[in-house]
>>> print(open('input_29.cif').read())   # mmCIF, C-alpha atoms and all ligand atoms
data_final
loop_
_atom_site.label_atom_id
_atom_site.label_comp_id
_atom_site.auth_asym_id
_atom_site.auth_seq_id
_atom_site.Cartn_x
_atom_site.Cartn_y
_atom_site.Cartn_z
CA MET A 43 107.78 98.95 99.27
CA THR A 44 105.20 101.69 99.65
CA ARG A 45 101.98 99.96 100.43
CA TYR A 46 99.93 103.09 100.54
CA GLU A 47 99.99 106.31 98.56
CA ALA A 48 97.98 109.48 99.14
CA VAL A 49 95.32 110.10 96.52
CA THR A 50 95.12 113.22 94.36
CA GLY A 51 92.73 114.21 91.57
CA LEU A 52 89.50 113.28 93.36
CA SER A 53 86.26 114.21 91.65
CA PRO A 54 83.30 115.66 93.61
CA ARG A 55 81.30 113.06 95.58
CA PRO A 56 78.21 112.00 93.68
CA THR A 57 74.83 112.80 95.21
CA THR A 58 73.73 109.57 96.85
CA PRO A 59 71.30 108.58 99.57
CA ARG A 60 72.25 109.45 103.14
CA SER A 61 70.83 108.51 106.49
CA SER A 62 68.01 110.97 107.10
CA SER A 63 69.09 111.75 110.65
CA THR A 64 72.86 112.22 110.17
CA GLY A 65 73.36 112.94 106.46
CA MET A 66 76.05 110.24 106.44
CA PRO A 67 76.15 107.10 104.26
CA VAL A 68 74.18 103.92 104.87
CA VAL A 69 76.09 100.71 104.14
CA ALA A 70 73.91 97.61 103.72
CA MET A 71 75.66 94.33 104.53
CA ILE A 72 74.25 90.96 103.53
CA GLY A 73 74.70 88.57 106.44
CA GLY A 74 74.61 89.17 110.17
CA GLY A 75 77.73 87.27 111.29
CA GLN A 76 80.82 88.41 113.15
CA LEU A 77 82.29 90.11 110.09
CA ALA A 78 79.23 92.38 109.86
CA ARG A 79 79.42 92.95 113.61
CA MET A 80 83.04 94.12 113.39
CA THR A 81 82.35 96.15 110.23
CA HIS A 82 79.65 97.87 112.25
CA GLN A 83 82.26 98.98 114.81
CA ALA A 84 84.26 100.64 112.04
CA ALA A 85 81.15 102.23 110.51
CA ILE A 86 80.20 103.69 113.91
CA ALA A 87 83.58 105.43 114.19
CA LEU A 88 83.10 106.97 110.73
CA GLY A 89 79.58 108.22 111.53
CA GLN A 90 77.95 105.79 109.13
CA THR A 91 74.98 103.49 109.55
CA LEU A 92 75.52 99.78 108.94
CA ARG A 93 72.26 98.11 108.04
CA VAL A 94 72.35 94.31 108.10
CA LEU A 95 70.32 91.62 106.42
CA SER A 96 70.31 88.93 109.07
CA ALA A 97 68.60 85.54 109.16
CA GLY A 98 67.87 85.92 112.89
CA ALA A 99 67.66 88.63 115.55
CA ASP A 100 70.25 86.78 117.66
CA GLU A 101 73.03 86.77 115.03
CA PRO A 102 76.25 88.62 115.97
CA ALA A 103 75.57 91.80 113.96
CA ALA A 104 71.79 91.84 114.47
CA GLN A 105 72.41 91.99 118.24
CA VAL A 106 74.24 95.30 117.95
CA SER A 107 72.82 97.13 114.92
CA ALA A 108 69.83 99.45 115.22
CA ASP A 109 69.05 98.95 111.53
CA VAL A 110 68.33 95.24 110.96
CA VAL A 111 66.31 93.69 108.17
CA LEU A 112 65.37 90.14 109.10
CA GLY A 113 65.43 87.91 106.06
CA HIS A 114 67.42 85.43 104.05
CA HIS A 115 70.17 86.13 101.53
CA ASP A 116 68.42 83.77 99.06
CA ASP A 117 65.30 85.94 99.02
CA LEU A 118 65.40 88.62 96.33
CA ASN A 119 62.75 90.69 98.07
CA ALA A 120 64.72 90.70 101.31
CA LEU A 121 67.79 91.84 99.31
CA ARG A 122 65.72 94.63 97.73
CA THR A 123 64.43 95.73 101.12
CA VAL A 124 67.90 96.02 102.65
CA ALA A 125 69.21 97.81 99.54
CA THR A 126 66.49 100.45 99.45
CA GLY A 127 67.87 103.79 100.58
CA SER A 128 71.41 102.47 101.09
CA ASN A 129 74.51 103.91 99.41
CA VAL A 130 76.05 100.51 98.80
CA VAL A 131 75.30 96.83 99.30
CA THR A 132 78.21 94.67 100.46
CA PHE A 133 78.80 91.26 102.05
CA ASP A 134 79.58 89.42 105.25
CA HIS A 135 79.67 86.15 103.27
CA GLU A 136 79.65 85.04 99.66
CA GLN A 137 76.60 82.78 99.62
CA VAL A 138 74.22 85.25 97.90
CA PRO A 139 72.93 83.92 94.54
CA THR A 140 74.72 85.71 91.70
CA GLU A 141 71.50 86.04 89.67
CA HIS A 142 69.85 88.02 92.51
CA LEU A 143 72.81 90.39 92.64
CA GLU A 144 72.61 90.89 88.90
CA VAL A 145 68.94 91.87 89.30
CA LEU A 146 69.90 94.41 91.99
CA VAL A 147 72.60 95.89 89.74
CA ALA A 148 70.10 96.11 86.83
CA GLU A 149 67.72 97.96 89.18
CA GLY A 150 70.43 100.53 89.90
CA VAL A 151 71.74 99.26 93.25
CA ASN A 152 75.44 99.91 93.94
CA VAL A 153 76.69 96.36 94.74
CA GLN A 154 80.34 96.20 95.89
CA PRO A 155 82.18 94.02 95.12
CA PRO A 156 80.12 93.72 91.91
CA PRO A 157 78.74 90.27 91.04
CA SER A 158 81.12 90.13 88.05
CA ALA A 159 84.03 90.05 90.56
CA LEU A 160 82.30 88.23 93.42
CA ILE A 161 81.69 85.20 91.22
CA TYR A 162 85.40 84.34 91.58
CA ALA A 163 84.97 84.11 95.34
CA GLN A 164 81.74 82.10 95.02
CA ASP A 165 82.66 79.53 92.40
CA LYS A 166 85.97 77.71 92.90
CA LEU A 167 85.99 76.24 89.40
CA LYS A 168 85.44 79.62 87.71
CA MET A 169 88.12 81.08 90.00
CA ARG A 170 90.66 78.35 89.10
CA ARG A 171 89.95 78.80 85.36
CA LYS A 172 90.24 82.60 85.53
CA LEU A 173 93.45 82.53 87.56
CA GLY A 174 94.87 79.98 85.13
CA GLU A 175 94.08 82.31 82.21
CA LEU A 176 95.80 85.16 84.04
CA GLY A 177 98.93 83.05 84.46
CA ILE A 178 98.69 82.98 88.26
CA PRO A 179 100.22 79.86 89.87
CA ILE A 180 97.48 77.49 91.11
CA PRO A 181 97.23 73.77 91.94
CA LYS A 182 96.38 71.45 89.04
CA PHE A 183 92.62 70.96 88.92
CA ALA A 184 89.72 69.54 86.89
CA GLU A 185 85.95 69.62 86.90
CA VAL A 186 84.26 66.40 88.10
CA THR A 187 80.97 65.47 86.47
CA TRP A 188 81.15 61.71 87.00
CA VAL A 189 83.29 59.29 89.02
CA GLY A 190 85.58 58.62 86.05
CA ASP A 191 86.80 62.25 86.15
CA VAL A 192 88.37 61.86 89.60
CA THR A 193 89.97 58.51 88.66
CA ALA A 194 91.42 59.96 85.47
CA PHE A 195 92.74 63.04 87.32
CA GLY A 196 94.39 60.98 90.10
CA ASP A 197 95.93 58.58 87.56
CA ALA A 198 97.30 61.48 85.52
CA HIS A 199 98.54 63.75 88.33
CA GLY A 200 99.06 61.36 91.24
CA TRP A 201 97.18 60.27 94.36
CA PRO A 202 95.98 61.39 96.85
CA VAL A 203 93.78 64.20 95.55
CA VAL A 204 91.55 66.85 97.13
CA VAL A 205 87.85 66.89 96.20
CA LYS A 206 85.98 70.18 96.62
CA SER A 207 82.44 71.40 96.24
CA ILE A 208 82.52 74.19 93.67
CA ARG A 209 80.20 76.42 95.67
CA GLY A 210 79.17 76.98 99.24
CA GLY A 211 82.15 75.56 101.20
CA TYR A 212 83.73 77.42 104.11
CA ASP A 213 86.01 76.61 107.03
CA GLY A 214 86.87 73.29 105.41
CA ARG A 215 83.24 72.23 104.85
CA GLY A 216 82.98 71.12 101.25
CA VAL A 217 86.64 69.93 101.14
CA TRP A 218 87.39 66.18 101.22
CA MET A 219 90.83 64.61 101.49
CA PRO A 220 90.34 60.94 100.53
CA LYS A 221 93.29 58.66 101.32
CA ASP A 222 93.12 56.73 98.05
CA ALA A 223 91.28 56.26 94.75
CA ASP A 224 88.53 54.05 96.25
CA GLU A 225 87.63 56.60 98.89
CA ALA A 226 87.77 59.46 96.37
CA GLU A 227 85.40 57.61 94.05
CA SER A 228 82.89 56.87 96.80
CA ILE A 229 82.94 60.52 97.99
CA VAL A 230 82.39 61.73 94.44
CA ALA A 231 79.56 59.26 93.82
CA ARG A 232 77.80 60.27 97.05
CA GLN A 233 78.17 64.03 96.56
CA LEU A 234 77.13 63.95 92.89
CA ASP A 235 74.04 61.97 93.95
CA LEU A 236 73.24 64.74 96.42
CA GLY A 237 73.47 67.26 93.56
CA VAL A 238 76.75 68.86 94.72
CA ALA A 239 78.87 70.25 91.85
CA LEU A 240 82.47 69.06 92.32
CA MET A 241 86.05 69.62 91.26
CA VAL A 242 89.32 67.83 92.03
CA GLU A 243 92.79 69.22 92.74
CA GLU A 244 96.26 67.87 93.29
CA LYS A 245 97.04 67.57 97.00
CA VAL A 246 99.74 70.19 97.44
CA GLU A 247 102.63 69.45 99.80
CA LEU A 248 102.41 72.48 102.05
CA ARG A 249 105.13 74.13 104.08
CA ARG A 250 102.52 76.51 105.44
CA GLU A 251 99.55 78.66 104.44
CA LEU A 252 99.73 82.42 103.89
CA SER A 253 97.28 85.18 103.14
CA ALA A 254 97.82 88.36 101.12
CA MET A 255 95.11 90.88 101.93
CA VAL A 256 94.39 94.06 100.03
CA GLY A 257 91.73 96.74 99.80
CA ARG A 258 90.64 98.36 96.55
CA SER A 259 88.28 101.25 95.82
CA PRO A 260 86.18 101.99 92.70
CA PHE A 261 88.52 104.96 92.13
CA GLY A 262 91.18 102.31 91.55
CA GLN A 263 93.27 102.89 94.64
CA GLY A 264 94.77 99.76 96.20
CA ALA A 265 96.44 99.14 99.56
CA ALA A 266 98.08 95.93 100.79
CA TRP A 267 98.64 94.65 104.31
CA PRO A 268 101.77 92.62 104.94
CA VAL A 269 101.49 88.93 103.97
CA VAL A 270 100.56 86.86 107.04
CA GLU A 271 100.87 83.20 108.00
CA THR A 272 97.58 81.44 108.71
CA VAL A 273 97.88 78.37 110.93
CA GLN A 274 95.04 75.94 110.14
CA ARG A 275 93.66 73.25 112.45
CA ASP A 276 91.00 70.78 111.31
CA GLY A 277 90.48 72.75 108.09
CA GLN A 278 89.92 76.11 109.74
CA CYS A 279 92.09 79.05 110.68
CA ALA A 280 93.31 78.92 114.30
CA VAL A 281 96.18 81.45 114.46
CA VAL A 282 97.49 84.29 112.28
CA ILE A 283 101.04 85.64 112.51
CA ALA A 284 101.45 89.11 111.00
CA PRO A 285 103.74 89.45 109.17
CA ALA A 286 104.56 85.84 108.17
CA GLY A 287 107.95 84.90 109.70
CA SER A 288 111.05 84.22 107.60
CA LEU A 289 109.34 84.95 104.32
CA ASP A 290 111.78 86.14 101.72
CA ASP A 291 111.22 89.90 101.08
CA ASP A 292 110.97 89.38 97.32
CA VAL A 293 108.39 86.61 97.75
CA ALA A 294 106.34 88.80 100.12
CA ILE A 295 106.42 91.78 97.77
CA ASP A 296 105.54 89.60 94.78
CA ALA A 297 102.55 88.21 96.69
CA GLU A 298 101.34 91.70 97.64
CA ARG A 299 101.71 92.88 94.05
CA MET A 300 99.94 89.80 92.75
CA ALA A 301 97.00 90.39 95.13
CA LEU A 302 96.78 94.08 94.16
CA GLY A 303 96.98 93.18 90.45
CA LEU A 304 94.32 90.49 90.84
CA ALA A 305 91.98 92.92 92.64
CA ALA A 306 92.37 95.39 89.76
CA GLU A 307 92.04 92.73 87.06
CA LEU A 308 88.86 91.24 88.56
CA GLY A 309 87.33 94.63 89.43
CA VAL A 310 87.19 93.87 93.17
CA VAL A 311 85.96 96.62 95.48
CA GLY A 312 86.43 96.31 99.25
CA ALA A 313 88.71 94.01 101.21
CA MET A 314 90.01 90.86 99.50
CA ALA A 315 92.01 87.97 100.94
CA VAL A 316 94.12 85.88 98.60
CA GLU A 317 94.70 82.59 100.43
CA LEU A 318 98.07 81.15 99.46
CA PHE A 319 99.92 77.86 99.79
CA GLU A 320 103.66 77.98 100.36
CA THR A 321 104.89 74.67 98.95
CA VAL A 322 107.69 72.60 100.47
CA ASP A 323 110.04 73.85 97.75
CA GLY A 324 109.25 77.50 98.54
CA GLY A 325 106.80 78.17 95.67
CA ILE A 326 103.55 80.12 96.10
CA LEU A 327 100.18 78.92 94.77
CA VAL A 328 96.82 80.65 95.11
CA ASN A 329 94.25 78.55 96.96
CA GLU A 330 91.21 80.78 97.05
CA LEU A 331 89.81 84.29 97.13
CA ALA A 332 87.53 85.94 99.69
CA MET A 333 86.03 89.31 98.76
CA ARG A 334 85.14 90.71 102.17
CA PRO A 335 86.87 91.13 105.52
CA HIS A 336 88.54 87.80 106.35
CA ASN A 337 89.77 85.93 109.40
CA SER A 338 93.37 86.42 108.23
CA GLY A 339 92.85 90.20 108.63
CA HIS A 340 91.48 90.26 112.20
CA TRP A 341 94.96 91.11 113.53
CA SER A 342 94.63 94.50 111.82
CA MET A 343 91.94 95.63 114.29
CA ASP A 344 94.65 96.25 116.88
CA GLY A 345 97.90 95.66 114.98
CA CYS A 346 97.54 98.10 112.12
CA ARG A 347 96.90 101.79 111.50
CA THR A 348 93.81 100.91 109.44
CA SER A 349 91.84 97.76 110.18
CA GLN A 350 90.38 95.60 107.41
CA PHE A 351 86.88 96.57 108.58
CA GLU A 352 87.54 100.29 108.27
CA GLN A 353 89.26 99.72 104.92
CA HIS A 354 86.29 97.73 103.66
CA VAL A 355 83.79 100.51 104.39
CA ARG A 356 86.17 103.16 103.06
CA ALA A 357 86.62 101.16 99.86
CA VAL A 358 82.97 100.31 99.18
CA LEU A 359 82.04 103.99 99.71
CA ASP A 360 84.93 105.09 97.46
CA TYR A 361 86.72 107.08 100.14
CA PRO A 362 90.51 107.29 99.90
CA LEU A 363 91.98 104.21 101.59
CA GLY A 364 93.72 104.15 104.96
CA ASP A 365 97.37 103.60 105.81
CA THR A 366 98.14 99.90 106.30
CA THR A 367 101.32 100.29 108.36
CA PRO A 368 101.58 97.74 111.22
CA LEU A 369 101.79 99.12 114.77
CA ALA A 370 104.12 96.44 116.15
CA PRO A 371 106.95 94.29 114.74
CA VAL A 372 104.60 91.30 115.04
CA THR A 373 100.93 90.85 115.93
CA VAL A 374 99.45 87.42 116.61
CA MET A 375 95.74 86.69 116.38
CA ALA A 376 94.36 83.53 117.97
CA ASN A 377 90.77 82.45 117.38
CA ILE A 378 88.64 81.61 120.40
CA LEU A 379 87.13 78.31 119.24
CA GLY A 380 84.35 76.65 121.22
CA ALA A 381 85.60 73.79 123.46
CA PRO A 382 84.17 70.23 123.08
CA GLN A 383 82.29 70.93 126.32
CA ALA A 384 81.59 74.55 127.30
CA PRO A 385 83.33 75.27 130.65
CA THR A 386 81.19 75.81 133.74
CA MET A 387 82.97 79.13 134.37
CA THR A 388 81.04 81.88 132.57
CA MET A 389 82.57 83.74 129.62
CA ASP A 390 82.33 86.91 131.68
CA GLU A 391 84.39 85.43 134.49
CA ARG A 392 86.96 84.05 132.03
CA LEU A 393 87.31 87.55 130.63
CA HIS A 394 87.91 88.97 134.13
CA HIS A 395 90.68 86.45 134.73
CA LEU A 396 92.25 87.06 131.34
CA PHE A 397 92.32 90.81 131.88
CA ALA A 398 93.83 90.30 135.34
CA ARG A 399 96.66 88.28 133.88
CA MET A 400 97.19 90.00 130.50
CA PRO A 401 96.23 93.67 130.53
CA ASP A 402 97.58 94.08 127.00
CA ALA A 403 95.52 91.28 125.36
CA LYS A 404 92.86 92.70 123.01
CA VAL A 405 89.73 90.55 123.08
CA HIS A 406 86.92 90.53 120.51
CA LEU A 407 83.83 88.45 121.30
CA TYR A 408 81.08 87.87 118.77
CA GLY A 409 78.02 87.30 120.96
CA LYS A 410 77.78 83.64 119.83
CA SER A 411 76.89 80.64 121.96
CA GLU A 412 79.63 78.08 122.60
CA ARG A 413 79.76 75.03 120.39
CA GLU A 414 82.72 72.78 119.59
CA ALA A 415 85.16 74.43 117.13
CA ARG A 416 82.81 77.37 116.51
CA LYS A 417 84.56 80.71 116.04
CA ILE A 418 83.21 82.71 118.99
CA GLY A 419 85.87 85.42 119.25
CA HIS A 420 89.55 86.17 118.88
CA VAL A 421 92.46 87.63 120.81
CA ASN A 422 95.13 89.93 119.39
CA VAL A 423 98.50 90.28 121.09
CA LEU A 424 101.06 92.84 119.85
CA GLY A 425 104.77 92.20 120.30
CA ALA A 426 106.82 94.76 122.25
CA PRO A 427 108.09 97.61 120.02
CA ASN A 428 111.76 96.77 120.57
CA GLY A 429 111.44 93.25 119.09
CA GLN A 430 112.16 92.11 115.55
CA ALA A 431 109.89 90.07 113.28
CA SER A 432 113.00 88.12 112.23
CA ASP A 433 113.68 87.04 115.84
CA GLU A 434 112.04 83.61 116.05
CA ALA A 435 112.09 83.47 119.87
CA TYR A 436 110.38 86.87 120.12
CA VAL A 437 107.66 85.86 117.63
CA ALA A 438 107.20 82.48 119.34
CA ALA A 439 106.67 84.21 122.72
CA VAL A 440 103.98 86.52 121.28
CA ARG A 441 102.30 83.55 119.61
CA GLU A 442 102.39 81.47 122.79
CA LYS A 443 100.79 84.32 124.72
CA ALA A 444 97.98 84.84 122.17
CA GLU A 445 97.24 81.10 122.00
CA ARG A 446 97.34 80.81 125.82
CA ALA A 447 94.83 83.67 126.07
CA ALA A 448 92.50 82.18 123.43
CA HIS A 449 92.71 78.70 124.98
CA TRP A 450 91.84 80.19 128.36
CA MET A 451 88.80 81.92 126.86
CA SER A 452 87.63 78.68 125.20
CA HIS A 453 88.43 76.15 127.92
CA ALA A 454 88.90 78.06 131.21
CA GLU A 455 92.27 76.30 131.48
CA TRP A 456 95.72 77.89 131.48
CA THR A 457 97.99 75.86 129.22
CA ASP A 458 100.97 76.71 131.48
CA GLY A 459 99.18 75.53 134.64
CA TRP A 460 99.02 79.04 136.11
CA ASP A 461 96.85 79.34 139.24
CA PRO A 462 95.66 82.84 140.14
CA HIS A 463 95.09 81.82 143.76
CA GLN A 464 98.64 80.72 144.50
P1 LIG B 1 87.25 76.57 102.37
O1 LIG B 1 86.45 77.17 101.27
O2 LIG B 1 86.48 75.66 103.24
O3 LIG B 1 88.09 77.56 103.12
P2 LIG B 1 89.70 75.69 101.07
O4 LIG B 1 89.72 75.44 99.63
O5 LIG B 1 90.37 76.94 101.56
O6 LIG B 1 88.21 75.58 101.60
O7 LIG B 1 90.36 74.47 101.82
C1 LIG B 1 90.40 74.38 103.25
C2 LIG B 1 91.77 73.88 103.68
O8 LIG B 1 92.03 72.61 103.09
C3 LIG B 1 92.92 74.77 103.23
O9 LIG B 1 93.13 75.83 104.10
C4 LIG B 1 94.07 73.78 103.20
O10 LIG B 1 94.55 73.55 104.52
C5 LIG B 1 93.42 72.50 102.71
N1 LIG B 1 93.51 72.37 101.25
C6 LIG B 1 92.63 72.87 100.35
N2 LIG B 1 93.01 72.59 99.09
C7 LIG B 1 94.17 71.89 99.17
C8 LIG B 1 95.07 71.32 98.21
N3 LIG B 1 94.82 71.37 96.89
N4 LIG B 1 96.17 70.69 98.67
C9 LIG B 1 96.41 70.61 100.00
N5 LIG B 1 95.61 71.12 100.95
C10 LIG B 1 94.49 71.75 100.56
#
>>> encode(input="input_29.cif", output="structure tokens", more="lines below")
Ligand code: ADP
Amino acid sequence: MTRYEAVTGLSPRPTTPRSSSTGMPVVAMIGGGQLARMTHQAAIALGQTLRVLSAGADEPAAQVSADVVLGHHDDLNALRTVATGSNVVTFDHEQVPTEHLEVLVAEGVNVQPPPSALIYAQDKLKMRRKLGELGIPIPKFAEVTWVGDVTAFGDAHGWPVVVKSIRGGYDGRGVWMPKDADEAESIVARQLDLGVALMVEEKVELRRELSAMVGRSPFGQGAAWPVVETVQRDGQCAVVIAPAGSLDDDVAIDAERMALGLAAELGVVGAMAVELFETVDGGILVNELAMRPHNSGHWSMDGCRTSQFEQHVRAVLDYPLGDTTPLAPVTVMANILGAPQAPTMTMDERLHHLFARMPDAKVHLYGKSEREARKIGHVNVLGAPNGQASDEAYVAAVREKAERAAHWMSHAEWTDGWDPHQ
């Protein structure tokens, strides 16, 4: 399948604001986390300015950007300040109130993805309903407005169920997996009391989780990366294997097409991840959408001709998109997750040791302090060019190496007992 096609028939670039010193575009990103930090790296290479709206000067992107607006994504005036003089406003996270974005759009700000699309990444119930209307396979679900809704759903579709907050969850926060009806009812009662809007879903029997990532521009061009496997631990992504191993070609192509079609249907602009469940019987269901660079695309920074961060800025500025061809038969990304107790060895010294042992490991650190299970960086390892993605032993060796590197960076312990002094 051709994932990428050259664009013809471009119209002249509209006259839009430019950075006064370089004449190049200014991209404003809401949120100062690691995604904004890595988007900044891509923007630098393209001569652009990435301005960030960050809640604090010590956040990952605020540390490295010369153009920081300190303020909160809930504050309309802060959003207006960061938007002023920018070519486009885009996102590091989806927590921005939709009504504020609609005000910005009404005031003439170029918001990408537009709030009319972003809503499906912000509101899980709206997303489920829309995907259902579009005939896309999804888990069975229902809105929960009182305890009786969860009981009725479980009785009709089977226990156990998954309870989710409709808005604001991430990395497994806002997802509850009660073991039985009693526990489900008490979770629902407590969360509704706290004012959390809820929904319930069938608990899907998973073989594994996948992600289909695409980029789409306002011009209408789309580009897909290969479907990847996302390995989750404790409700958050730990490892990504690109491409997903032993995935039937037809299933992979269908998933890429579905993600491209969904991006077009919803009017998405920028990078989008479609998180997928592969069921035990080999079916594919959509779990959720993220309309921004995503953890399942970090492998592309080193493993692909065009990274998700470059594609995101190209897309939101309506440049032609980049080639998404992988650079190795397999690339494995392992997140560096904070250890229960931060090691006494400094991060700097851990990095020295890692580089000494694995000159080919590509390390990305986010400038975050260490806290248990916090995403503080990631490591990408590319498989040797003569390997095959279908060779399980080859893929397993690349995965083991990436996870060994990430574990070393988190814990200052080599999982294979290696001792550099012997
Ligand atoms: P978040 O917004 O926190 O990423 P998700 O809806 O993606 O929340 O859920 C987090 C994780 O919980 C998923 O990656 C998956 O492992 C598990 N999960 C979510 N929904 C279901 C479901 N309906 N059935 C089984 N597992 C689920």
>>> residues_around(input="input_29.cif", residues="Val405 in chain A", least_positions_apart="5", cutoff="7 Å", atoms="all atoms listed in the file", output="PDB file with C-alpha atoms, in the coordinates of the input")
ATOM      1  CA  HIS A 420      89.550  86.170 118.880  1.00  0.00           C
ATOM      2  CA  VAL A 421      92.460  87.630 120.810  1.00  0.00           C
ATOM      3  CA  ASN A 422      95.130  89.930 119.390  1.00  0.00           C
TER       4      ASN A 422
END
>>> closest_residue(input="input_29.cif", among="A:Gln274, A:Gln90, A:Ser411, A:Thr132", to="Asn337 in chain A", atoms="all atoms listed in the file")
A:Gln274
>>> atom_distance(input="input_29.cif", atom1="CA of Gly345 in chain A", atom2="CA of Ile418 in chain A")
20.0 Å
>>> closest_residue(input="input_29.cif", among="A:Glu227, A:Met241, A:Tyr162, A:Val423", to="Val316 in chain A", atoms="only C-alpha atoms")
A:Tyr162
>>> residues_near_ligand(input="input_29.cif", ligand="ligand LIG 1 (chain B)", cutoff="9 Å", atoms="all atoms listed in the file", output="ChimeraX atom specification")
/A:166,180-183,203-207,209-219,242-248,250-251,272-279,317-319,329-332
>>> atom_distance(input="input_29.cif", atom1="CA of Met314 in chain A", atom2="CA of Ala254 in chain A")
8.4 Å
>>> closest_residue(input="input_29.cif", among="A:Ala84, A:Ala239, A:Leu143, A:Ala426", to="Val131 in chain A", atoms="all atoms listed in the file")
A:Leu143
>>> residues_around(input="input_29.cif", residues="Gly339 in chain A", least_positions_apart="6", cutoff="12 Å", atoms="only C-alpha atoms", output="PyMOL selection string")
chain A and resi 77+80+252-257+266-272+279+281-285+313-317+332+345-346+348-354+366+368+373-377+420+422
>>> residues_around(input="input_29.cif", residues="Arg392 in chain A", least_positions_apart="5", cutoff="10 Å", atoms="only C-alpha atoms", output="VMD selection string")
chain A and resid 385 387 397 to 398 447 450 to 455
>>> atom_distance(input="input_29.cif", atom1="CA of Val440 in chain A", atom2="CA of His406 in chain A")
17.5 Å
>>> closest_residue(input="input_29.cif", among="A:Ile378, A:Ala370, A:Ile208, A:Leu167", to="Pro427 in chain A", atoms="all atoms listed in the file")
A:Ala370
>>> residues_near_point(input="input_29.cif", point="(62.9, 97.9, 97.6)", cutoff="12 Å", atoms="all atoms listed in the file", output="list of chain:residue names")
A:Val111, A:Leu118, A:Asn119, A:Ala120, A:Leu121, A:Arg122, A:Thr123, A:Val124, A:Ala125, A:Thr126, A:Gly127, A:Ser128, A:Val145, A:Leu146, A:Glu149, A:Gly150, A:Val151
>>> residues_around(input="input_29.cif", residues="Asp134 in chain A", least_positions_apart="5", cutoff="8 Å", atoms="all atoms listed in the file", output="list in words")
Met71, Ile72, Gly73, Gly74, Gly75, Leu77, Ala78, Arg334 and Pro335 of chain A
>>> closest_residue(input="input_29.cif", among="A:Pro179, A:Pro202, A:Gly380, A:Pro155", to="Leu407 in chain A", atoms="only C-alpha atoms")
A:Gly380
>>> residues_around(input="input_29.cif", residues="Val138 in chain A", least_positions_apart="2", cutoff="7 Å", atoms="all atoms listed in the file", output="ChimeraX atom specification")
/A:115-116,136,140
>>> closest_residue(input="input_29.cif", among="A:Val192, A:Ala198, A:Val147, A:Ile86", to="Asp222 in chain A", atoms="all atoms listed in the file")
A:Val192
